[in-house]
>>> print(open('target-v8.cif').read())   # mmCIF, C-alpha atoms
data_input
#
loop_
_atom_site.label_atom_id
_atom_site.label_comp_id
_atom_site.auth_asym_id
_atom_site.auth_seq_id
_atom_site.Cartn_x
_atom_site.Cartn_y
_atom_site.Cartn_z
CA MET A 1 16.33 -11.89 19.71
CA ILE A 2 14.05 -14.16 17.80
CA SER A 3 15.34 -15.97 14.82
CA PRO A 4 13.82 -17.91 12.02
CA SER A 5 15.43 -21.32 12.04
CA LEU A 6 16.23 -22.81 8.66
CA PRO A 7 15.24 -19.65 6.80
CA LYS A 8 14.57 -21.22 3.40
CA PRO A 9 12.05 -23.93 4.32
CA LEU A 10 10.33 -21.79 6.84
CA LEU A 11 8.19 -19.71 4.57
CA TRP A 12 5.74 -21.60 2.53
CA GLY A 13 2.27 -21.17 1.18
CA GLY A 14 -0.49 -23.40 0.02
CA GLY A 15 0.03 -22.58 -3.63
CA GLY A 16 1.75 -25.77 -4.75
CA LEU A 17 2.06 -29.42 -3.97
CA LEU A 18 5.69 -29.13 -3.02
CA ALA A 19 4.96 -26.25 -0.71
CA ALA A 20 2.05 -28.09 0.80
CA GLY A 21 4.21 -31.14 1.25
CA LEU A 22 6.81 -29.10 3.01
CA ALA A 23 4.13 -27.67 5.20
CA LEU A 24 2.81 -31.05 6.20
CA ALA A 25 6.28 -32.41 6.82
CA ALA A 26 7.22 -29.47 8.93
CA VAL A 27 4.03 -29.51 10.94
CA ALA A 28 4.35 -33.24 11.47
CA ALA A 29 7.93 -32.84 12.54
CA ARG A 30 7.38 -30.01 14.96
CA GLY A 31 8.42 -30.68 18.49
CA GLU A 32 6.18 -31.10 21.44
CA GLY A 33 5.17 -27.80 22.92
CA GLU A 34 5.73 -25.94 19.67
CA GLN A 35 3.17 -23.22 19.45
CA VAL A 36 0.97 -22.42 16.47
CA VAL A 37 -0.45 -18.91 16.21
CA SER A 38 -3.06 -18.14 13.57
CA MET A 39 -3.05 -14.60 12.24
CA THR A 40 -5.22 -12.85 9.70
CA ALA A 41 -4.39 -9.85 7.57
CA MET A 42 -7.05 -7.49 6.31
CA LYS A 43 -7.03 -3.84 5.30
CA PHE A 44 -5.51 -2.36 7.46
CA GLU A 45 -4.77 -4.57 10.41
CA PHE A 46 -3.31 -7.80 11.57
CA THR A 47 -5.31 -9.87 14.03
CA PRO A 48 -3.98 -10.33 16.60
CA GLU A 49 -1.99 -7.16 16.53
CA THR A 50 0.19 -8.27 19.40
CA VAL A 51 1.59 -11.78 19.65
CA THR A 52 3.18 -12.82 22.92
CA LEU A 53 5.73 -15.63 22.77
CA LYS A 54 7.87 -17.39 25.34
CA LYS A 55 11.61 -17.23 24.96
CA GLY A 56 13.04 -20.48 23.62
CA VAL A 57 9.71 -21.93 22.48
CA PRO A 58 9.51 -22.26 18.69
CA VAL A 59 6.34 -20.98 17.11
CA ILE A 60 4.68 -21.32 13.76
CA LEU A 61 2.76 -18.28 12.59
CA GLU A 62 -0.03 -19.21 10.22
CA LEU A 63 -0.94 -16.16 8.16
CA THR A 64 -3.98 -15.75 5.94
CA SER A 65 -5.33 -12.74 4.10
CA LEU A 66 -9.05 -12.05 4.23
CA ASP A 67 -9.14 -9.60 1.35
CA ARG A 68 -6.14 -8.89 -0.88
CA THR A 69 -2.42 -9.50 -1.10
CA HIS A 70 -0.59 -8.19 1.92
CA GLY A 71 2.95 -8.58 3.11
CA PHE A 72 4.35 -9.70 6.43
CA THR A 73 7.81 -8.67 7.44
CA ILE A 74 9.91 -8.61 10.58
CA PRO A 75 12.78 -6.39 9.43
CA GLU A 76 14.99 -7.24 12.39
CA LEU A 77 14.99 -10.86 11.23
CA LYS A 78 15.18 -9.96 7.56
CA LEU A 79 12.15 -12.18 7.22
CA ARG A 80 9.24 -11.52 4.91
CA ALA A 81 6.44 -13.27 3.07
CA ASP A 82 3.57 -12.40 0.78
CA ILE A 83 0.16 -13.20 2.25
CA LEU A 84 -2.32 -14.13 -0.43
CA PRO A 85 -6.10 -14.49 -0.09
CA ASP A 86 -7.32 -18.01 0.52
CA GLN A 87 -3.84 -19.34 1.15
CA THR A 88 -2.01 -19.96 4.38
CA VAL A 89 1.60 -18.95 4.77
CA ARG A 90 3.48 -20.51 7.64
CA VAL A 91 6.45 -18.83 9.25
CA ARG A 92 8.45 -20.64 11.91
CA ILE A 93 10.43 -18.53 14.32
CA VAL A 94 12.39 -19.29 17.45
CA PRO A 95 12.36 -16.51 20.06
CA GLU A 96 15.84 -16.32 21.52
CA LYS A 97 15.80 -13.02 23.34
CA VAL A 98 13.24 -11.15 25.40
CA GLY A 99 12.00 -7.98 23.74
CA ARG A 100 9.57 -6.37 21.34
CA TYR A 101 9.81 -6.94 17.60
CA GLY A 102 7.74 -4.99 15.13
CA PHE A 103 6.12 -6.48 12.06
CA HIS A 104 4.19 -4.75 9.31
CA CYS A 105 2.63 -5.11 5.90
CA ASP A 106 5.17 -4.33 3.20
CA ASN A 107 2.92 -4.61 0.17
CA PHE A 108 1.19 -1.27 -0.24
CA CYS A 109 -2.52 -1.95 0.21
CA GLY A 110 -4.26 1.44 0.33
CA ASP A 111 -5.13 4.38 2.52
CA GLY A 112 -4.27 2.96 5.92
CA HIS A 113 -1.39 0.75 4.81
CA GLU A 114 0.99 2.76 6.95
CA ASP A 115 -0.97 1.75 10.06
CA MET A 116 -0.92 -1.98 9.31
CA SER A 117 1.59 -3.19 11.83
CA GLY A 118 1.94 -5.14 15.03
CA THR A 119 4.34 -6.35 17.64
CA ILE A 120 5.75 -9.68 18.73
CA VAL A 121 6.49 -9.58 22.44
CA VAL A 122 8.94 -12.18 23.72
CA THR A 123 8.81 -12.85 27.46
CA GLU A 124 10.79 -15.08 29.82
CA MET B 1 20.94 34.46 9.14
CA THR B 2 24.47 33.59 8.10
CA LYS B 3 25.90 34.44 4.76
CA GLY B 4 29.18 34.12 3.05
CA ILE B 5 30.44 30.85 4.51
CA ASP B 6 32.68 29.24 1.95
CA ARG B 7 30.96 26.15 0.63
CA ARG B 8 34.00 23.94 1.06
CA GLU B 9 34.51 25.20 4.59
CA PHE B 10 30.93 24.32 5.38
CA ALA B 11 31.34 20.92 3.83
CA LYS B 12 34.31 20.32 6.11
CA LEU B 13 32.27 21.53 9.04
CA ILE B 14 29.61 18.93 8.49
CA GLY B 15 32.07 16.28 7.45
CA LEU B 16 30.49 15.36 4.19
CA GLY B 17 33.15 16.10 1.63
CA GLY B 18 31.82 17.64 -1.52
CA VAL B 19 28.20 17.67 -0.49
CA VAL B 20 27.04 21.05 0.66
CA PHE B 21 23.84 21.63 2.55
CA ALA B 22 22.86 25.24 2.61
CA SER B 23 19.90 24.61 4.83
CA GLY B 24 19.68 27.30 7.49
CA LEU B 25 22.62 29.24 6.15
CA VAL B 26 20.93 31.38 3.59
CA ASN B 27 17.78 33.34 4.06
CA PRO B 28 15.27 31.63 1.77
CA LEU B 29 13.60 34.94 1.09
CA ALA B 30 16.82 36.18 -0.38
CA GLY B 31 17.66 32.91 -2.03
CA SER B 32 18.69 34.43 -5.32
CA ALA B 33 21.64 36.17 -3.68
CA ALA B 34 23.65 32.99 -3.75
CA ARG B 35 22.68 32.36 -7.31
CA ALA B 36 23.67 35.85 -8.40
CA ALA B 37 27.29 34.90 -8.02
CA ALA B 38 26.83 31.58 -9.72
CA MET B 39 28.77 30.72 -12.78
CA ALA B 40 27.10 30.68 -16.14
CA ASP B 41 26.89 26.92 -16.23
CA ASP B 42 25.44 26.66 -12.77
CA PHE B 43 21.75 26.04 -12.64
CA PHE B 44 19.12 25.31 -10.08
CA PHE B 45 16.02 23.22 -9.94
CA VAL B 46 13.16 22.98 -7.48
CA GLN B 47 12.19 19.74 -5.76
CA LEU B 48 8.67 19.35 -4.41
CA SER B 49 7.52 16.11 -2.88
CA ASP B 50 4.63 14.29 -1.31
CA THR B 51 1.89 16.75 -2.11
CA HIS B 52 -0.74 14.02 -1.47
CA TRP B 53 -3.36 15.96 -3.37
CA GLY B 54 -6.79 14.82 -2.16
CA PHE B 55 -5.72 14.16 1.42
CA LYS B 56 -8.19 15.14 4.09
CA GLY B 57 -7.44 14.70 7.76
CA LYS B 58 -6.40 16.17 11.06
CA PRO B 59 -2.64 16.13 10.34
CA ASN B 60 -3.28 18.95 7.86
CA PRO B 61 -6.65 20.72 8.00
CA GLU B 62 -5.28 23.12 5.38
CA ALA B 63 -4.23 20.42 2.92
CA GLU B 64 -6.10 21.89 -0.01
CA HIS B 65 -4.25 25.19 0.46
CA THR B 66 -0.75 23.85 1.03
CA PHE B 67 0.17 22.86 -2.51
CA PRO B 68 -1.22 26.12 -3.97
CA MET B 69 0.90 28.03 -1.45
CA ALA B 70 3.98 26.21 -2.67
CA ILE B 71 3.11 26.91 -6.31
CA LYS B 72 2.71 30.59 -5.50
CA ALA B 73 6.02 30.67 -3.66
CA VAL B 74 7.89 28.99 -6.52
CA ASN B 75 6.36 31.43 -8.98
CA GLU B 76 7.49 34.33 -6.80
CA LEU B 77 11.15 33.29 -6.84
CA PRO B 78 13.30 36.12 -8.21
CA GLU B 79 14.54 33.71 -10.85
CA GLN B 80 12.70 30.73 -12.15
CA PRO B 81 14.33 27.30 -11.88
CA ASP B 82 15.56 25.46 -14.95
CA PHE B 83 13.07 22.75 -14.08
CA ILE B 84 10.84 21.44 -11.31
CA VAL B 85 10.77 17.84 -10.13
CA PHE B 86 8.10 16.17 -8.03
CA THR B 87 9.45 13.10 -6.26
CA GLY B 88 6.25 11.13 -5.88
CA ASP B 89 3.05 10.85 -3.86
CA LEU B 90 1.59 13.59 -5.99
CA THR B 91 -1.86 12.42 -5.00
CA HIS B 92 -3.20 10.69 -1.92
CA THR B 93 -4.19 7.10 -2.54
CA THR B 94 -7.75 5.90 -2.95
CA ASP B 95 -9.28 2.55 -3.90
CA ASP B 96 -11.80 4.39 -6.06
CA VAL B 97 -10.32 4.44 -9.56
CA ALA B 98 -12.51 7.34 -10.69
CA GLU B 99 -11.50 9.39 -7.67
CA ARG B 100 -7.82 8.52 -8.26
CA LYS B 101 -8.07 9.81 -11.82
CA LYS B 102 -9.92 12.89 -10.64
CA ARG B 103 -7.17 13.74 -8.18
CA MET B 104 -4.51 13.24 -10.84
CA THR B 105 -6.43 15.38 -13.31
CA GLU B 106 -6.77 18.15 -10.72
CA PHE B 107 -3.06 17.86 -9.93
CA LYS B 108 -2.22 18.15 -13.63
CA GLU B 109 -4.39 21.24 -13.91
CA MET B 110 -2.61 22.82 -10.97
CA LEU B 111 0.76 22.24 -12.62
CA LYS B 112 -0.36 24.61 -15.36
CA GLY B 113 -0.16 27.40 -12.78
CA LEU B 114 3.61 27.03 -12.47
CA LYS B 115 5.64 29.55 -14.42
CA THR B 116 8.27 26.94 -15.13
CA GLN B 117 6.70 24.36 -17.35
CA ARG B 118 9.69 22.05 -17.62
CA ILE B 119 8.36 19.61 -15.03
CA TYR B 120 9.43 16.05 -14.24
CA LEU B 121 7.07 13.70 -12.45
CA MET B 122 7.34 10.25 -10.93
CA PRO B 123 4.86 8.24 -8.92
CA GLY B 124 4.94 7.50 -5.22
CA GLU B 125 3.25 4.44 -3.77
CA HIS B 126 0.09 6.51 -3.22
CA ASP B 127 -0.04 7.23 -6.96
CA GLY B 128 1.06 3.95 -8.38
CA SER B 129 1.08 0.95 -6.09
CA LEU B 130 -2.58 0.00 -6.36
CA ASP B 131 -2.71 -0.11 -10.17
CA LYS B 132 0.94 -0.49 -11.19
CA SER B 133 0.87 3.20 -12.09
CA ALA B 134 -1.76 2.76 -14.81
CA ALA B 135 -3.61 5.99 -13.95
CA PHE B 136 -0.34 7.87 -13.51
CA LYS B 137 0.78 6.80 -16.99
CA GLU B 138 -2.59 7.63 -18.50
CA ILE B 139 -2.95 11.08 -16.97
CA LEU B 140 0.38 12.43 -15.73
CA HIS B 141 3.31 10.90 -17.57
CA PRO B 142 3.61 7.90 -19.87
CA GLU B 143 6.75 6.57 -18.19
CA THR B 144 7.67 5.93 -14.58
CA HIS B 145 11.41 5.51 -15.15
CA TYR B 146 13.36 7.56 -17.65
CA THR B 147 16.41 9.77 -18.08
CA PHE B 148 17.15 13.29 -19.23
CA ASP B 149 20.22 15.47 -19.49
CA HIS B 150 20.70 19.08 -18.54
CA LYS B 151 23.84 21.21 -18.66
CA GLY B 152 26.22 18.32 -18.30
CA VAL B 153 24.29 16.44 -15.63
CA HIS B 154 22.67 13.09 -16.38
CA PHE B 155 19.39 12.68 -14.51
CA ILE B 156 17.87 9.25 -13.88
CA VAL B 157 14.32 8.79 -12.61
CA LEU B 158 13.76 5.44 -10.90
CA ASP B 159 10.42 3.86 -10.06
CA ASN B 160 10.37 1.94 -6.78
CA VAL B 161 6.62 2.10 -6.23
CA SER B 162 4.75 0.59 -9.18
CA ASP B 163 5.53 -2.76 -7.63
CA PRO B 164 3.48 -2.63 -4.41
CA GLY B 165 6.31 -4.51 -2.74
CA ALA B 166 8.61 -1.52 -3.24
CA ALA B 167 11.02 -3.18 -5.64
CA LEU B 168 12.67 -1.76 -8.72
CA GLY B 169 12.59 -5.17 -10.33
CA ASP B 170 15.10 -6.97 -12.52
CA GLU B 171 13.89 -5.35 -15.72
CA GLN B 172 14.37 -1.81 -14.45
CA LEU B 173 17.71 -2.71 -12.90
CA ALA B 174 18.87 -4.08 -16.26
CA TRP B 175 17.68 -0.85 -17.90
CA LEU B 176 19.62 1.14 -15.29
CA ALA B 177 22.76 -0.93 -15.84
CA ASP B 178 22.48 -0.39 -19.58
CA ASP B 179 22.06 3.37 -19.16
CA LEU B 180 25.00 3.63 -16.77
CA LYS B 181 27.26 1.78 -19.20
CA LYS B 182 26.78 4.69 -21.58
CA GLN B 183 27.97 7.22 -18.97
CA LYS B 184 31.59 8.08 -18.33
CA PRO B 185 32.80 7.36 -14.77
CA GLU B 186 33.19 11.08 -14.11
CA THR B 187 29.79 12.10 -15.50
CA ARG B 188 27.68 13.91 -12.95
CA ILE B 189 24.65 11.77 -12.20
CA VAL B 190 21.56 12.71 -10.23
CA VAL B 191 18.95 10.13 -9.36
CA PHE B 192 15.37 11.06 -8.54
CA THR B 193 13.19 8.48 -6.88
CA HIS B 194 10.43 8.25 -4.31
CA ARG B 195 11.58 5.81 -1.67
CA PRO B 196 15.07 5.73 -0.20
CA LEU B 197 17.31 3.36 -2.14
CA PHE B 198 19.04 2.34 1.07
CA ASP B 199 17.62 0.83 4.25
CA LEU B 200 16.82 4.04 6.08
CA TYR B 201 14.37 2.43 8.47
CA PRO B 202 12.84 -0.81 7.16
CA GLN B 203 10.72 -1.09 10.32
CA TRP B 204 8.61 1.70 8.83
CA ASP B 205 8.94 0.47 5.27
CA TRP B 206 11.43 3.23 4.55
CA ALA B 207 13.49 1.27 2.10
CA THR B 208 13.49 -0.20 -1.40
CA ARG B 209 13.49 -3.96 -1.40
CA ASP B 210 16.21 -4.24 -4.04
CA GLY B 211 17.59 -0.72 -3.68
CA ALA B 212 21.04 -2.04 -2.76
CA LYS B 213 21.32 -3.43 -6.29
CA ALA B 214 20.75 0.04 -7.73
CA VAL B 215 23.31 1.53 -5.36
CA ASP B 216 25.80 -1.16 -6.40
CA LEU B 217 25.27 -0.23 -10.04
CA LEU B 218 25.78 3.46 -9.26
CA MET B 219 28.82 2.95 -7.06
CA PRO B 220 31.48 2.87 -9.83
CA HIS B 221 30.40 6.35 -10.88
CA LYS B 222 32.32 9.07 -9.08
CA ASN B 223 29.69 11.78 -8.85
CA VAL B 224 26.24 10.49 -7.93
CA THR B 225 23.61 12.20 -5.81
CA VAL B 226 20.12 10.92 -5.01
CA PHE B 227 17.12 13.10 -4.22
CA TYR B 228 14.00 11.38 -2.94
CA GLY B 229 10.81 11.88 -0.92
CA HIS B 230 8.52 9.43 0.90
CA ILE B 231 9.62 10.11 4.48
CA HIS B 232 8.17 13.65 4.73
CA GLN B 233 11.27 15.19 6.27
CA GLU B 234 14.79 16.19 5.47
CA ASN B 235 17.35 13.43 5.81
CA HIS B 236 20.91 13.23 4.55
CA HIS B 237 22.77 9.98 4.25
CA MET B 238 25.86 8.66 2.55
CA THR B 239 26.30 5.19 1.05
CA GLY B 240 30.00 5.30 0.26
CA HIS B 241 30.50 8.41 -1.84
CA ILE B 242 26.83 8.60 -2.89
CA ALA B 243 24.76 11.23 -1.11
CA HIS B 244 21.03 10.69 -0.53
CA HIS B 245 18.82 13.68 0.34
CA SER B 246 15.16 13.32 1.23
CA ALA B 247 12.78 16.26 0.93
CA LYS B 248 10.11 17.63 3.19
CA SER B 249 6.51 17.01 2.29
CA LEU B 250 3.69 19.35 1.36
CA VAL B 251 1.03 17.60 3.41
CA PHE B 252 2.24 16.59 6.89
CA PRO B 253 5.57 15.83 8.52
CA LEU B 254 6.42 12.35 9.76
CA PRO B 255 8.49 11.55 12.85
CA ALA B 256 12.23 11.01 12.70
CA PRO B 257 13.12 7.42 11.88
CA GLY B 258 12.57 5.22 14.93
CA SER B 259 11.77 8.13 17.21
CA GLN B 260 8.42 6.61 18.19
CA GLU B 261 6.80 3.21 17.89
CA LYS B 262 4.47 4.04 15.00
CA ARG B 263 5.10 6.28 12.03
CA THR B 264 2.01 8.37 12.71
CA PRO B 265 2.11 11.91 11.28
CA LEU B 266 3.17 14.72 13.57
CA ALA B 267 0.16 16.57 14.89
CA TRP B 268 -0.93 19.83 13.28
CA ASP B 269 0.06 22.74 15.49
CA PRO B 270 -2.52 25.55 15.18
CA ASN B 271 0.02 27.94 16.69
CA HIS B 272 2.52 27.04 13.97
CA PRO B 273 0.47 26.07 10.94
CA PHE B 274 2.36 24.30 8.14
CA LYS B 275 5.27 23.62 10.49
CA GLY B 276 7.64 21.06 9.02
CA LEU B 277 6.30 21.43 5.49
CA GLY B 278 8.43 22.75 2.70
CA TRP B 279 10.23 22.39 -0.57
CA ARG B 280 13.75 23.01 -1.77
CA GLU B 281 15.95 24.64 -4.32
CA VAL B 282 18.97 22.68 -5.48
CA THR B 283 21.77 24.57 -7.16
CA ALA B 284 24.11 22.47 -9.25
CA GLU B 285 27.50 24.12 -9.18
CA ALA B 286 29.32 23.31 -12.37
CA LYS B 287 32.86 24.09 -11.25
CA LYS B 288 32.83 22.32 -7.90
CA GLY B 289 30.36 19.60 -8.74
CA ASP B 290 28.48 20.37 -5.54
CA TYR B 291 24.78 20.60 -4.91
CA ARG B 292 23.73 23.49 -2.78
CA ILE B 293 20.43 22.71 -1.10
CA LEU B 294 18.20 25.47 0.14
CA GLU B 295 15.22 24.35 2.23
CA ILE B 296 12.23 26.66 2.01
CA PRO B 297 9.33 26.34 4.47
CA VAL B 298 5.75 26.65 3.26
CA ASN B 299 5.13 29.02 6.11
CA LYS B 300 7.57 31.83 5.51
CA ALA B 301 7.31 32.81 9.15
CA GLU B 302 9.45 29.78 9.91
CA ALA B 303 12.26 31.05 7.71
#
>>> encode(input="target-v8.cif", output="structure tokens")
Amino acid sequence: MISPSLPKPLLWGGGGLLAAGLALAAVAARGEGEQVVSMTAMKFEFTPETVTLKKGVPVILELTSLDRTHGFTIPELKLRADILPDQTVRVRIVPEKVGRYGFHCDNFCGDGHEDMSGTIVVTE
Amino acid sequence: MTKGIDRREFAKLIGLGGVVFASGLVNPLAGSAARAAAMADDFFFVQLSDTHWGFKGKPNPEAEHTFPMAIKAVNELPEQPDFIVFTGDLTHTTDDVAERKKRMTEFKEMLKGLKTQRIYLMPGEHDGSLDKSAAFKEILHPETHYTFDHKGVHFIVLDNVSDPGAALGDEQLAWLADDLKKQKPETRIVVFTHRPLFDLYPQWDWATRDGAKAVDLLMPHKNVTVFYGHIHQENHHMTGHIAHHSAKSLVFPLPAPGSQEKRTPLAWDPNHPFKGLGWREVTAEAKKGDYRILEIPVNKAEA
């Protein structure tokens, strides 16, 4: 499986100084080889739609909305965040098990919301 | 067609205690037969769900005819229900506010064609999530959560869609807690809502973010049943002693939870038009405290 390490500090946005500070600290503290994946959300798709990660390599997902408020959730991890326009939300996850993990928008965003989903693929 | 199975025997058969599903046991075209023997205090209501008025697309090329067919069928029942409830997604969503209001106005006009005019409405996310149910409140009903009582049953309508994040919210939960405090533990309670209150399949957003809090509040009450929509298919689930029953849709069926990667609608079958679409009668049996559910397909040929 993949797991978010330290669930509380892992989700943060650019909305406040404290959050920004946490972001900087976390980015500065990230280990060598830690991957950063930028993702955008826009009615009604995530780009990229498929994110391939290597087992055991922590990754930070940087999520930004290009239009309106969306949601990002990986139900299997009980992990979710709101994605607001012009702000970056960072989600750190550690892939622990090979497999496919679905994510989707969980803030209803219009006719096509139901199609706004993607997959994280964890490989050896 | 099978008739005459004792309701308790059937409940034992399906292992669900006092909850009785009549689906498939009674010919829908002769649905009043069961009611003929009902006690005076028994009553039945009709649940319609997910009409998605305004939808256009391949999953239902006959969308504009489906809801009228259901209205006609309800009107042709040998007896009219005590009331009719629509459990959300009355209209199909649109970003265009004028078009949204137009669809709701058309929907409201169509309701006038129902013989039974005691009608309860609630929004689904298609009606209410883009504007916090402003248009719904303006055109269809001024409230999105409310209660009513009928023949000894306390009905609670919950709104888990006006928040686009599918939450009831602390304010509504406090309102629910306050209402439940006024009910005796043995009072029969029926909850109507759009989304499932439990985590049916969160991978497809088939859940209410804080639904567990509502279930916790309901749990001390001995006789609670939830009827909902959203998932466009029949589903029956128990959380403790609380039964949750989802209804079929009147626009297109969706796949069984987790049966495929994406929750794309099931394809329209020209050889079996309207397959998987339907509505239901629910008979509240006063003596036994059961709910007898009778599923009725839009296409009577499927009966």
>>> closest_residue(input="target-v8.cif", among="A:Ala41, A:Val94, A:Val89, A:Leu53", to="Val122 in chain A", atoms="all atoms listed in the file")
A:Leu53
>>> interface_residues(input="target-v8.cif", of="chain B", to="chain A", cutoff="6 Å", atoms="all atoms listed in the file", output="PyMOL selection string")
chain B and resi 93+164-165+203
>>> write_last_selection(input="target-v8.cif", atoms="C-alpha atoms", output="PDB file, in the coordinates of the input")
ATOM      1  CA  THR B  93      -4.190   7.100  -2.540  1.00  0.00           C
ATOM      2  CA  PRO B 164       3.480  -2.630  -4.410  1.00  0.00           C
ATOM      3  CA  GLY B 165       6.310  -4.510  -2.740  1.00  0.00           C
ATOM      4  CA  GLN B 203      10.720  -1.090  10.320  1.00  0.00           C
TER       5      GLN B 203
END
>>> resolve_selection(input="target-v8.cif", expression="the PyMOL selection byres ((chain B and resi 44) around 10)", output="number ranges by chain")
B: 35, 38, 42-43, 45-47, 79-84, 281-285, 291-293
>>> residues_around(input="target-v8.cif", residues="Glu302 in chain B", least_positions_apart="2", cutoff="10 Å", atoms="all atoms listed in the file", output="list in words")
His272, Pro273, Phe274, Lys275, Gly276, Leu277, Ile296, Pro297, Val298, Asn299 and Lys300 of chain B
>>> atom_distance(input="target-v8.cif", atom1="CA of Gly124 in chain B", atom2="CA of Phe67 in chain B")
16.3 Å
>>> resolve_selection(input="target-v8.cif", expression="the PyMOL selection byres ((chain B and resi 134-148) around 9)", output="PDB file with C-alpha atoms, keeping the file's coordinate frame")
ATOM      1  CA  VAL B  97     -10.320   4.440  -9.560  1.00  0.00           C
ATOM      2  CA  ARG B 100      -7.820   8.520  -8.260  1.00  0.00           C
ATOM      3  CA  LYS B 101      -8.070   9.810 -11.820  1.00  0.00           C
ATOM      4  CA  MET B 104      -4.510  13.240 -10.840  1.00  0.00           C
ATOM      5  CA  THR B 105      -6.430  15.380 -13.310  1.00  0.00           C
ATOM      6  CA  PHE B 107      -3.060  17.860  -9.930  1.00  0.00           C
ATOM      7  CA  LYS B 108      -2.220  18.150 -13.630  1.00  0.00           C
ATOM      8  CA  TYR B 120       9.430  16.050 -14.240  1.00  0.00           C
ATOM      9  CA  LEU B 121       7.070  13.700 -12.450  1.00  0.00           C
ATOM     10  CA  MET B 122       7.340  10.250 -10.930  1.00  0.00           C
ATOM     11  CA  PRO B 123       4.860   8.240  -8.920  1.00  0.00           C
ATOM     12  CA  ASP B 127      -0.040   7.230  -6.960  1.00  0.00           C
ATOM     13  CA  GLY B 128       1.060   3.950  -8.380  1.00  0.00           C
ATOM     14  CA  LEU B 130      -2.580   0.000  -6.360  1.00  0.00           C
ATOM     15  CA  ASP B 131      -2.710  -0.110 -10.170  1.00  0.00           C
ATOM     16  CA  LYS B 132       0.940  -0.490 -11.190  1.00  0.00           C
ATOM     17  CA  SER B 133       0.870   3.200 -12.090  1.00  0.00           C
ATOM     18  CA  ASP B 149      20.220  15.470 -19.490  1.00  0.00           C
ATOM     19  CA  HIS B 150      20.700  19.080 -18.540  1.00  0.00           C
ATOM     20  CA  VAL B 153      24.290  16.440 -15.630  1.00  0.00           C
ATOM     21  CA  HIS B 154      22.670  13.090 -16.380  1.00  0.00           C
ATOM     22  CA  PHE B 155      19.390  12.680 -14.510  1.00  0.00           C
ATOM     23  CA  ILE B 156      17.870   9.250 -13.880  1.00  0.00           C
ATOM     24  CA  VAL B 157      14.320   8.790 -12.610  1.00  0.00           C
ATOM     25  CA  LEU B 158      13.760   5.440 -10.900  1.00  0.00           C
ATOM     26  CA  ASP B 159      10.420   3.860 -10.060  1.00  0.00           C
ATOM     27  CA  SER B 162       4.750   0.590  -9.180  1.00  0.00           C
ATOM     28  CA  GLN B 172      14.370  -1.810 -14.450  1.00  0.00           C
ATOM     29  CA  ASP B 179      22.060   3.370 -19.160  1.00  0.00           C
ATOM     30  CA  THR B 193      13.190   8.480  -6.880  1.00  0.00           C
TER      31      THR B 193
END
>>> residues_near_point(input="target-v8.cif", point="(15.7, -16.7, 31.1)", cutoff="10 Å", atoms="all atoms listed in the file", output="compact mmCIF listing (two decimals) with C-alpha atoms, in the frame of the given file")
# COMPACT_ATOMS: atom_id res chain seq x y z
CA LYS A 54 7.87 -17.39 25.34
CA LYS A 55 11.61 -17.23 24.96
CA GLY A 56 13.04 -20.48 23.62
CA GLU A 96 15.84 -16.32 21.52
CA LYS A 97 15.80 -13.02 23.34
CA VAL A 98 13.24 -11.15 25.40
CA THR A 123 8.81 -12.85 27.46
CA GLU A 124 10.79 -15.08 29.82
>>> atom_distance(input="target-v8.cif", atom1="CA of Lys58 in chain B", atom2="CA of Glu125 in chain B")
21.2 Å
>>> residues_around(input="target-v8.cif", residues="Val224 in chain B", least_positions_apart="6", cutoff="8 Å", atoms="only C-alpha atoms", output="list of chain:residue names")
B:Arg188, B:Ile189, B:Val190, B:Val191, B:Leu218, B:His241, B:Ile242, B:Ala243
>>> decode(input="target-v8.cif", residues="range 94-119 of chain A", atoms="C-alpha atoms", output="PDB file, in the first residue's frame")
ATOM      1  CA  VAL A  94       5.111   6.963   0.856  1.00  0.00           C
ATOM      2  CA  PRO A  95       4.295   4.066  -1.494  1.00  0.00           C
ATOM      3  CA  GLU A  96       4.699   0.884   0.510  1.00  0.00           C
ATOM      4  CA  LYS A  97       3.013  -1.694  -1.677  1.00  0.00           C
ATOM      5  CA  VAL A  98       2.828  -2.308  -5.402  1.00  0.00           C
ATOM      6  CA  GLY A  99      -0.625  -1.723  -6.848  1.00  0.00           C
ATOM      7  CA  ARG A 100      -3.120   0.726  -8.287  1.00  0.00           C
ATOM      8  CA  TYR A 101      -4.777   3.355  -6.112  1.00  0.00           C
ATOM      9  CA  GLY A 102      -7.615   5.493  -7.361  1.00  0.00           C
ATOM     10  CA  PHE A 103      -8.000   9.175  -6.614  1.00  0.00           C
ATOM     11  CA  HIS A 104     -10.825  11.506  -7.540  1.00  0.00           C
ATOM     12  CA  CYS A 105     -12.328  14.924  -7.033  1.00  0.00           C
ATOM     13  CA  ASP A 106     -14.685  14.896  -4.062  1.00  0.00           C
ATOM     14  CA  ASN A 107     -15.997  18.443  -4.316  1.00  0.00           C
ATOM     15  CA  PHE A 108     -18.848  18.401  -6.804  1.00  0.00           C
ATOM     16  CA  CYS A 109     -17.752  20.622  -9.682  1.00  0.00           C
ATOM     17  CA  GLY A 110     -20.342  20.205 -12.446  1.00  0.00           C
ATOM     18  CA  ASP A 111     -21.466  18.032 -15.319  1.00  0.00           C
ATOM     19  CA  GLY A 112     -18.446  15.782 -15.671  1.00  0.00           C
ATOM     20  CA  HIS A 113     -17.468  15.696 -12.005  1.00  0.00           C
ATOM     21  CA  GLU A 114     -18.089  11.969 -11.911  1.00  0.00           C
ATOM     22  CA  ASP A 115     -15.360  11.465 -14.526  1.00  0.00           C
ATOM     23  CA  MET A 116     -12.723  13.473 -12.674  1.00  0.00           C
ATOM     24  CA  SER A 117     -10.494  10.732 -11.383  1.00  0.00           C
ATOM     25  CA  GLY A 118      -7.115   9.148 -11.847  1.00  0.00           C
ATOM     26  CA  THR A 119      -4.829   6.406 -10.694  1.00  0.00           C
TER      27      THR A 119
END
